[in-house]
Amino acid sequence: MRRRTVLTAAGAAVAMLAFGGPAVAQETMKIGLILPMTGPFTSTGRQIEAAAKLYMQQNGDAVAGKKIQLIVKDDTGVADVTKRLAQELIVNDKVGVIAGFGLTPLALASAPLATQAKVPAVVMAAATATITEASPYIVRTSFTLPQATVPMADWASQNGIKKVVTLVSDYGPGIDAEKAFSGAFGAKGGQVESLRVPLANPDFSPFLQRVADAKPDALFVFVPSGVGAQFMKQFVERGLDKSGIKLIGPGDVTDDDILNGMGDVALGAITTQHYSAAHDSPENKAFVEAFKKANNGMRPNFMAVGGYDGMHLIYEGLKKTNGTGGEALINAMKGMSWTSPRGPVSIDPQTRDIIQNIYVRKVERVNGELYNVEFTTIANVKDPVKAAKSN
């Protein structure tokens with residue numbers, strides 16, 4: 001009974017904020033960064049936190065007369081924890097923005113709170129297409145899986161690949177990736193067999209045996225950022241690296257953060273993604289150098305650029321609103337465009353998703369290190385799921 005009373009009181013406090021409670025007038029703009037800092041998705045949290053802190057280091061801790069305070073919370077990758085932390089940050093810490101969200105269930109857990117309290121939620125990682133539809137206060141600076149996946153299906157069909165097995169983690173983004181690839185590849189006459197692997201503690205071995213038995217032209221893989229090394233290890237143990245089956249997919253499997261540790265097995269993997277640490281632009285070279293310098297040589301990955309651009313979006317939005325949060329801030333973010341380390345980006349004013357280039361890349365050895373080397377650019381890609389709905 002007491003727990004219900006506490007939750008009801010907390011809900012009432014969130015509702016009070018929605019009607020202009022104490023969060024409105026403050027000289028400090030607090031940003032609650034909710035990330036998986038421990039558990040199986042630690043690399044995601046570590047990358048985003050490092051990028052957010054780098055942005056503040058480079059751009060100062062004051063915007064439009066407001067001091068910016070970053071409050072980092074560890075949700076351990078568990079949605080119930082994310083929801084509790086988001087509620088505490090909104091009610092107790094009176095944050096003006098919540099951000100981070102390393103996985104889809106974590107972003108969705110906080111969506112009703114963002115709506116209720118009219119607090120912008122900046123999704124810096126989670127990639128299921130529908131996330132921005134869960135609240136009008138959600139804006140995304142990462143990507144969507146269909147955005148990265150449809151170009152992969154197009155590339156495969158154009159390069160002699162006829163039969164593909166898809167192997168995806170069994171949760172929102174994995175299902176998004178499977179559907180987007182299968183739909184686009186099948187529409188071009190390709191043959192697809194689909195396999196789904198548990199998200200928690202995955203053992204890829206039995207699924208990889210089924211891939212070996214099927215003898216496809218290519219294996220399309222989606223696993224969350226940080227899990228690629230485990231997949232690659234079992235890929236080699238099953239001898240698939242020597243079987244002639246091409247390894248393709250969105251870029252999570254050859255994540256920059258862990259790519260060097262995979263070794264030669266990763267060489268030749270073809271992926272489509274919105275960011276590579278090897279992206280050839282002055283903005284990215286400066287970003288990679290500064291990120292490594294600030295983090296003991298750690299290479300930034302696509303999660304880092306989502307965090308870095310998320311902070312940029314918050315800062316520039318606050319400049320436009322003269323430090324005001326709430327609905328004014330989310331409206332200021334719509335339609336914003338800038339040059340990111342990943343290339344030109346903008347926020348779709350209709351969907352609040354990011355519009356960006358998608359690059360086709362191949363893992364190559366460059367100066368003794370493994371990198372995702374871009375060789376084709378597909379410009380200004382919108383999320384295909386929402387684009388299809390609007391047509």
# chains A, B, ... in the order shown; residues from 1 in each chain; ligands from 1
>>> select_by_dssp(residues="stretch 164-213 of chain A", states="strand (DSSP E or B)", output="VMD selection string")
chain A and resid 164 to 169 191 to 197
>>> write_last_selection(atoms="all heavy atoms", output="short mmCIF file (atom, residue, chain, number, x, y, z; two decimals), in the first residue's frame")
data_model
loop_
_atom_site.label_atom_id
_atom_site.label_comp_id
_atom_site.auth_asym_id
_atom_site.auth_seq_id
_atom_site.Cartn_x
_atom_site.Cartn_y
_atom_site.Cartn_z
N VAL A 164 20.10 -15.09 -48.90
CA VAL A 164 20.64 -14.55 -47.64
C VAL A 164 19.93 -15.19 -46.45
O VAL A 164 18.71 -15.41 -46.49
CB VAL A 164 20.44 -13.01 -47.58
CG1 VAL A 164 20.87 -12.45 -46.23
CG2 VAL A 164 21.22 -12.33 -48.70
N VAL A 165 20.69 -15.50 -45.42
CA VAL A 165 20.10 -15.82 -44.11
C VAL A 165 20.27 -14.59 -43.23
O VAL A 165 21.37 -14.03 -43.16
CB VAL A 165 20.78 -17.05 -43.46
CG1 VAL A 165 20.24 -17.25 -42.04
CG2 VAL A 165 20.53 -18.30 -44.29
N THR A 166 19.19 -14.15 -42.58
CA THR A 166 19.29 -13.06 -41.62
C THR A 166 19.36 -13.64 -40.22
O THR A 166 18.62 -14.56 -39.88
CB THR A 166 18.11 -12.08 -41.72
OG1 THR A 166 16.89 -12.74 -41.35
CG2 THR A 166 17.97 -11.51 -43.13
N LEU A 167 20.26 -13.09 -39.41
CA LEU A 167 20.46 -13.52 -38.02
C LEU A 167 20.43 -12.26 -37.16
O LEU A 167 21.35 -11.44 -37.24
CB LEU A 167 21.81 -14.23 -37.88
CG LEU A 167 22.19 -14.77 -36.51
CD1 LEU A 167 21.27 -15.90 -36.09
CD2 LEU A 167 23.64 -15.24 -36.50
N VAL A 168 19.35 -12.09 -36.38
CA VAL A 168 19.18 -10.84 -35.62
C VAL A 168 18.86 -11.12 -34.16
O VAL A 168 18.28 -12.16 -33.82
CB VAL A 168 18.08 -9.95 -36.23
CG1 VAL A 168 18.33 -9.68 -37.72
CG2 VAL A 168 16.68 -10.54 -36.03
N SER A 169 19.23 -10.17 -33.30
CA SER A 169 18.82 -10.24 -31.89
C SER A 169 17.32 -10.02 -31.80
O SER A 169 16.77 -9.13 -32.46
CB SER A 169 19.56 -9.17 -31.09
OG SER A 169 20.94 -9.44 -31.07
N GLN A 191 16.17 -14.20 -52.08
CA GLN A 191 15.60 -15.25 -51.23
C GLN A 191 16.14 -15.09 -49.82
O GLN A 191 17.35 -14.95 -49.63
CB GLN A 191 15.99 -16.62 -51.80
CG GLN A 191 15.44 -17.81 -51.04
CD GLN A 191 15.95 -19.13 -51.61
OE1 GLN A 191 16.48 -19.19 -52.72
NE2 GLN A 191 15.81 -20.20 -50.83
N VAL A 192 15.25 -15.10 -48.83
CA VAL A 192 15.67 -14.84 -47.44
C VAL A 192 15.14 -15.91 -46.50
O VAL A 192 13.97 -16.30 -46.57
CB VAL A 192 15.16 -13.47 -46.94
CG1 VAL A 192 15.69 -13.18 -45.54
CG2 VAL A 192 15.56 -12.35 -47.88
N GLU A 193 16.01 -16.39 -45.60
CA GLU A 193 15.60 -17.23 -44.46
C GLU A 193 15.97 -16.47 -43.20
O GLU A 193 17.07 -15.91 -43.11
CB GLU A 193 16.33 -18.56 -44.51
CG GLU A 193 15.97 -19.49 -43.34
CD GLU A 193 16.78 -20.79 -43.34
OE1 GLU A 193 17.31 -21.15 -44.40
OE2 GLU A 193 16.89 -21.40 -42.26
N SER A 194 15.06 -16.41 -42.22
CA SER A 194 15.27 -15.55 -41.05
C SER A 194 15.45 -16.36 -39.76
O SER A 194 14.71 -17.31 -39.50
CB SER A 194 14.09 -14.60 -40.88
OG SER A 194 13.96 -13.77 -42.01
N LEU A 195 16.44 -15.96 -38.96
CA LEU A 195 16.71 -16.56 -37.65
C LEU A 195 16.78 -15.45 -36.61
O LEU A 195 17.32 -14.38 -36.88
CB LEU A 195 18.05 -17.31 -37.66
CG LEU A 195 18.23 -18.43 -38.69
CD1 LEU A 195 19.67 -18.94 -38.66
CD2 LEU A 195 17.25 -19.58 -38.41
N ARG A 196 16.24 -15.71 -35.42
CA ARG A 196 16.29 -14.73 -34.32
C ARG A 196 16.97 -15.36 -33.10
O ARG A 196 16.65 -16.49 -32.72
CB ARG A 196 14.89 -14.26 -33.94
CG ARG A 196 14.21 -13.46 -35.04
CD ARG A 196 12.82 -12.98 -34.63
NE ARG A 196 12.15 -12.31 -35.74
CZ ARG A 196 10.91 -11.82 -35.68
NH1 ARG A 196 10.21 -11.96 -34.56
NH2 ARG A 196 10.38 -11.22 -36.72
N VAL A 197 17.87 -14.59 -32.49
CA VAL A 197 18.67 -15.06 -31.36
C VAL A 197 18.25 -14.29 -30.11
O VAL A 197 17.99 -13.09 -30.18
CB VAL A 197 20.17 -14.78 -31.64
CG1 VAL A 197 21.05 -15.31 -30.53
CG2 VAL A 197 20.58 -15.38 -32.97
#
>>> residues_around(residues="A:Met298", least_positions_apart="5", cutoff="9 Å", atoms="only C-alpha atoms", output="ChimeraX atom specification")
/A:47,257,291-293
>>> write_last_selection(atoms="C-alpha atoms", output="PDB file, in the first residue's frame")
ATOM      1  CA  GLN A  47      30.920   5.918 -25.394  1.00  0.00           C
ATOM      2  CA  ASP A 257      34.815   0.336 -30.309  1.00  0.00           C
ATOM      3  CA  PHE A 291      37.902  11.903 -28.267  1.00  0.00           C
ATOM      4  CA  LYS A 292      40.976   9.665 -28.155  1.00  0.00           C
ATOM      5  CA  LYS A 293      42.987  12.309 -26.291  1.00  0.00           C
TER       6      LYS A 293
END
>>> closest_residue(among="A:Asp93, A:Glu49, A:Glu133, A:Asp241", to="A:Ala218", atoms="only C-alpha atoms")
A:Asp241
>>> atom_distance(atom1="atom CA of A:Pro384", atom2="atom CA of A:Gly249")
16.5 Å
>>> closest_residue(among="A:Ala86, A:Met262, A:Ala114, A:Ala212", to="A:Gln230", atoms="only C-alpha atoms")
A:Met262
>>> closest_residue(among="A:Gln356, A:Asn201, A:Thr76, A:Ser142", to="A:Val227", atoms="only C-alpha atoms")
A:Asn201
>>> atom_distance(atom1="atom CA of A:Ala304", atom2="atom CA of A:Gly335")
22.0 Å
>>> select_by_dssp(residues="stretch 193-306 of chain A", states="alpha helix (DSSP H)", output="PyMOL selection string")
chain A and resi 205-214+228-237+256-262+282-294+302-306
>>> residues_around(residues="A:Glu364", least_positions_apart="6", cutoff="7 Å", atoms="only C-alpha atoms", output="PyMOL selection string")
chain A and resi 267-268+370-373
>>> closest_residue(among="A:His279, A:Lys242, A:Phe302, A:Ile71", to="A:Gly102", atoms="only C-alpha atoms")
A:Phe302
>>> residues_around(residues="A:Pro112", least_positions_apart="6", cutoff="10 Å", atoms="only C-alpha atoms", output="PyMOL selection string")
chain A and resi 83+118+134-137
>>> closest_residue(among="A:Pro282, A:Gly183, A:Gly190, A:Gly96", to="A:Ala328", atoms="only C-alpha atoms")
A:Gly96
>>> closest_residue(among="A:Gly32, A:Gly172, A:Gly39, A:Gly251", to="A:Gln69", atoms="only C-alpha atoms")
A:Gly32
>>> residues_around(residues="A:Thr42", least_positions_apart="3", cutoff="10 Å", atoms="only C-alpha atoms", output="list of chain:residue names")
A:Leu35, A:Pro36, A:Met37, A:Thr38, A:Gly39, A:Gly45, A:Arg46, A:Gln47, A:Asp74, A:Thr76, A:Gly77, A:Gly102, A:Ser225, A:Gly226
>>> residues_around(residues="A:Leu247", least_positions_apart="6", cutoff="9 Å", atoms="only C-alpha atoms", output="PyMOL selection string")
chain A and resi 218-221+241+266+268-271
>>> residues_around(residues="A:Ala51", least_positions_apart="6", cutoff="12 Å", atoms="only C-alpha atoms", output="ChimeraX atom specification")
/A:33,44-45,57-58,100,124,287-288,290-295,298-312,341
>>> atom_distance(atom1="atom CA of A:Asp80", atom2="atom CA of A:Asp255")
27.1 Å
